[in-house]
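Asks: I'd like to ask some things about the structure below.
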There are 2 protein chains.
Amino acid sequence: MPETIAAMIAAMAQAARRAAAEIARADAATKARALERLADALLQHKPQIQAENEKDLAAARAAGLAPSLIDRLALSDAVFASMARGLREVARWPDPVGRLGPETLRPNGLRVRRMRIPLGVIGIIYESRPNVTVDAAGLCLKAGNAVILRGGSEALNSNRALAAVIAAALAASGLPPEAVQVVPTRERAAVLALLKQEGAIDLIIPRGGEELIRFVVEHARIPILKHDRGVCHVYVDEGADLAQAEAICFNAKVQRPGVCNAMETLLVHGAEAPRFLPRMAQRFAAAHVELRGCPETLRWVPGAVPATERDWGAEYLDLVLAVKVVADIEAAMAHIAAYGSHHTEAIVTRDPGRAQRFLREVDASVVLVNASTRFNDGGELGLGAEIGISTSKLHAYGPMGVDELTTSKFVVFGEGQVRS
Amino acid sequence: MPETIAAMIAAMAQAARRAAAEIARADAATKARALERLADALLQHKPQIQAENEKDLAAARAAGLAPSLIDRLALSDAVFASMARGLREVARWPDPVGRLGPETLRPNGLRVRRMRIPLGVIGIIYESRPNVTVDAAGLCLKAGNAVILRGGSEALNSNRALAAVIAAALAASGLPPEAVQVVPTRERAAVLALLKQEGAIDLIIPRGGEELIRFVVEHARIPILKHDRGVCHVYVDEGADLAQAEAICFNAKVQRPGVCNAMETLLVHGAEAPRFLPRMAQRFAAAHVELRGCPETLRWVPGAVPATERDWGAEYLDLVLAVKVVADIEAAMAHIAAYGSHHTEAIVTRDPGRAQRFLREVDASVVLVNASTRFNDGGELGLGAEIGISTSKLHAYGPMGVDELTTSKFVVFGEGQVRS
């Protein structure tokens, strides 16, 4: 069985390779029309897709999956509307393929530019949400790539139904249907086989929990861009506008606690702790946020749970927050360097010098001054839709939009130049 | 012994990690002064370094190494002058660290920019030439990175002597000497240990033969940028300026046959073969280039050796050239897609449409019109010095200069914005 699966994945990868060459040459208008057509087709085939989705939901309920997981799995009417809207937005976005950078004229007369080109074949390994299948297909297609999608096993019926609609829309647009393929099996061997397609797949993007990321890092023989966990901090500096700090911290923790750009640890300058922490704690208590504090925090928030070493660096993804009082910005940055995950870090300050130091010295994909960590998002930062948030430093550090799904080559115009 | 080596490499990586944080914060003037000081120190300590280099040369001669390898190993006066000149050039080059991209103002008032930042800790695994130790150290330092260098085992004495001078120059400039470290052992276990330092090393750059690259791809658990082989083609199009084509092809093959951007296969349009090939063959014969031709080539160059399947895709790195007559540009591009290595591809043509098609459709890190493949080089394309030529598509495809040794993060300025 695993050998059959390896052969199947190899065949899919070869088909994707051939499709990638075609998609790379497709003009912008053809790709945009295909995306619009796909948006129409999804809405048109909603009943059939939802019937397949219902099978996944029934199995998930029977297996006793957590309600939050079942919720992520559901392809509701609202999710359909959002998928279609996303595709139409991506369709209208400027096409990056073939875009030329500025020209450099060399002393020997050579004219040198960089040209944006597709990456080739991208493999995406993700969990749960079947809408990722459509979002990722749309972004990869726009950037001129072929894509192989391996979604969560609990969403297989939904993903297969979506894949059939996507393939039909591609074919109707004159594009190769193999440009978007869904791995049609729940077997883990398929993931392993994907990770070994050196030469056929150019990039693997794993999105998911720690176990998935570790498995991919361990076994991949092709480049990967990790979309890893977010242990995000907000540091409330000495002299900060405390009303502003309160609003930012509340938003960063409470607005959507289950996502990677939510705050997991709050750092407060010692001079502000007596005034800031009691009020902030009251507001968090009203929102049912459990606080886990350092000894100094407990002085000002007696109701907090004493934090242990495991709380620093924890990604709760829940209404739980670690809180630490620090001596100064150096201590805050040292804590972030020791426990952060290079995802999103924010400072609330009125001091321009310390704002600049924090921006420059903190090593994270997005660093913010006086704004919520929740803004680490491709849409919010102006990239349009995003395929996720890379915590790998190479190629794309932070949110990845359409442009980040391309690379560039050098194009050189000469009139017979030779090297001496 | 391997365990001791693993512990040593882990300690080196941790020291590099700490040094990287310091180097990342160093200002441009300090780094530039350190590079100038290193250039001075190299020339000053030339006698001691050359004495150590002589030990490597004597061992290489005793071991019967090929003269070309012994030549690469030698740190002659000319190589010293070139190393020092290279460092001074890099010192004067604009410092990329902290450079800000254009500002995007979001509808909610957030101001978003990208800031260039160092990659962190880079591991470079290379063969032979000890001057790479100095060139790579200078480029990594300029880009604010720490670097661990693992050179060829036959150059260990030379590399250790260079490392001592580099460390002293760093310390004298107020920078951490651990920012540049040379692996002080010939054991292969050290390479394996380097490849496993996930979390401590951010990027591995392997430069070398196929066996080295394969080993690194197989074992690395950290991102790699391959500097792989170059199977480079020149396609002489129908209607090309044949005198120009002759000059370009001669230069691409003969000027320096042992390097990765030399031409390995010549493709000629059928309509030009009768006029072009006999003259070109004569010129190659005078330069002792052995031709291996397809049947159609043999019609016009009776002295050529019949090519076998193994000749297409061969990287000779020598005065040997495969020659094939093709029906048209489609056949040329199909041959390149099948046998090329995504390194450097050139067309000689007078037709602007076909020039554009070739530039756009050929998937290689550098694509040229009417110029020699030998121009795939960071210096020649205006990047300043280069650390090598990446054949990986992610992050940097083609020559890698100082800028390509950095990445970027997002920096965001707000006035209390929260997400709704």
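Chains: A, B, ... in order of the structure tokens. Residues: from 1 per chain. Ligands: from 1, in order shown.
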Could you produce a table of the residues of stretch 376-402 of chain A lying within 10 Å of stretch 323-342 of chain A, with the nearest pair of atoms per residue and their separation in Å rounded to one decimal, using only C-alpha atoms, ordered by chain and increasing residue number, as JSON lines?

Replies:
```
{"residue": "A:Ser390", "atom": "CA", "partner": "A:His342", "partner_atom": "CA", "distance": 9.7}
{"residue": "A:Thr391", "atom": "CA", "partner": "A:His342", "partner_atom": "CA", "distance": 6.4}
{"residue": "A:Ser392", "atom": "CA", "partner": "A:His342", "partner_atom": "CA", "distance": 8.8}
{"residue": "A:Lys393", "atom": "CA", "partner": "A:His342", "partner_atom": "CA", "distance": 9.2}
{"residue": "A:Tyr397", "atom": "CA", "partner": "A:His342", "partner_atom": "CA", "distance": 9.2}
{"residue": "A:Gly398", "atom": "CA", "partner": "A:His342", "partner_atom": "CA", "distance": 9.2}
```

Asks: Restricting the output to N, CA and C atoms, write the selected residues as a short mmCIF file (atom, residue, chain, number, x, y, z; two decimals), in the first residue's frame.

Replies:
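What landed in selection-v3.cif:
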```cif
data_model
loop_
_atom_site.label_atom_id
_atom_site.label_comp_id
_atom_site.auth_asym_id
_atom_site.auth_seq_id
_atom_site.Cartn_x
_atom_site.Cartn_y
_atom_site.Cartn_z
N SER A 390 4.79 33.15 7.43
CA SER A 390 6.02 32.37 7.49
C SER A 390 6.86 32.78 8.69
N THR A 391 7.30 31.80 9.46
CA THR A 391 8.26 32.08 10.53
C THR A 391 9.65 31.62 10.11
N SER A 392 9.81 31.22 8.84
CA SER A 392 11.13 30.94 8.28
C SER A 392 11.70 32.27 7.81
N LYS A 393 12.99 32.48 8.01
CA LYS A 393 13.58 33.77 7.61
C LYS A 393 13.86 33.85 6.11
N TYR A 397 9.57 36.31 5.24
CA TYR A 397 9.50 36.28 6.70
C TYR A 397 8.27 37.11 7.04
N GLY A 398 7.23 36.46 7.55
CA GLY A 398 5.98 37.16 7.83
C GLY A 398 4.90 36.74 6.86
#
```

Asks: Would you mind listing what lies within 8 Å of stretch 86-97 of chain A as JSON, numbers by chain, with only C-alpha atoms counted and same-chain residues fewer than 3 positions away left out?

Replies: {"A": [24, 28, 31, 32, 33, 35, 36, 38, 39, 82, 83, 115, 116, 117, 118, 135, 138, 139, 142, 143, 144, 384, 385, 402, 403, 406]}

Asks: Record the distance separating atom CA of A:Ile248 and atom CA of A:Arg283, expressed in Å with one decimal.

Replies: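 Between atom CA of A:Ile248 and atom CA of A:Arg283 the gap is 12.2 Å.
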
Asks: Please determine the contact residues of chain A with respect to chain B at a cut-off of 8 Å, counting only C-alpha atoms, and supply them as a PyMOL selection string.

Replies: chain A and resi 25+98+104+106+112+119+202-203+217-218+221-224+244-245+247-248+251-252+255+359-361+364-372+374-375+380-382+393-398+407-420

Asks: Using DSSP secondary structure from the backbone, list all strand (DSSP E or B) positions within stretch 124-206 of chain A, as JSON, numbers by chain.

Replies: {"A": [124, 125, 146, 147, 148, 149, 150, 180, 181, 182, 198, 201, 203, 204, 205, 206]}

Asks: Please identify which residues in stretch 105-306 of chain A DSSP calls helix (DSSP H, G or I) from the backbone, and express them as an NGL selection string.

Replies: :A and (131-142 or 153-172 or 177-179 or 189-195 or 210-219 or 242-254 or 273-286 or 295-300)

Asks: Rank nothing, just name the residue among B:Gly239, B:Gly209, B:Gly303, B:Pro130 nearest to B:Asp71, using only C-alpha atoms.

Replies: B:Pro130

Asks: What does the distance from atom CA of A:Ala155 to atom CA of A:Ile389 come to in Å, to one decimal?

Replies: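 Between atom CA of A:Ala155 and atom CA of A:Ile389 the gap is 22.1 Å.
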
Asks: When distances are computed from only C-alpha atoms, which of A:Cys260, A:Ile204, A:Leu319, A:Ala146 shows the smallest separation from A:Pro176?

Replies: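 Closest to A:Pro176 of all the choices is A:Ala146.
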
Asks: For B:Ile125, please output as a count of residues only all residues within 8 Å (counting only C-alpha atoms; exclusion window: fewer than 2 positions along the same chain).

Replies: 11

Asks: Mind checking which residues fall within 10 Å of B:Val147, counting only C-alpha atoms, ignoring those fewer than 6 positions away in the same chain, and posting them as a list in words?

Replies: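 Residues near the query, excluding close chain neighbours: Ala13, Ala16, Arg17, Ala19, Ala20, Gly120, Val121, Ile122, Gly123, Ile124, Ala136, Ala137, Gly138, Leu139, Cys140, Leu141, Glu178, Ala179, Val180, Gln181, Val182, Ile201, Leu203 and Ile204 of chain B.
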
Asks: Where does stretch 139-166 of chain B meet stretch 46-57 of chain B within 7 Å, residue by residue, with the nearest atom pair and distance in Å to one decimal for each, counting only C-alpha atoms, listed by chain and rising number, as JSON lines?

Replies:
```
{"residue": "B:Glu154", "atom": "CA", "partner": "B:Asp56", "partner_atom": "CA", "distance": 6.1}
{"residue": "B:Ala155", "atom": "CA", "partner": "B:Asp56", "partner_atom": "CA", "distance": 5.8}
{"residue": "B:Asn157", "atom": "CA", "partner": "B:Glu52", "partner_atom": "CA", "distance": 5.5}
{"residue": "B:Ser158", "atom": "CA", "partner": "B:Asn53", "partner_atom": "CA", "distance": 4.6}
{"residue": "B:Ala161", "atom": "CA", "partner": "B:Ile49", "partner_atom": "CA", "distance": 5.5}
{"residue": "B:Leu162", "atom": "CA", "partner": "B:Ile49", "partner_atom": "CA", "distance": 6.7}
```

Asks: Provide the atom CA of B:Phe215 to atom CA of B:Leu192 distance in Å, to one decimal place.

Replies: 8.8 Å
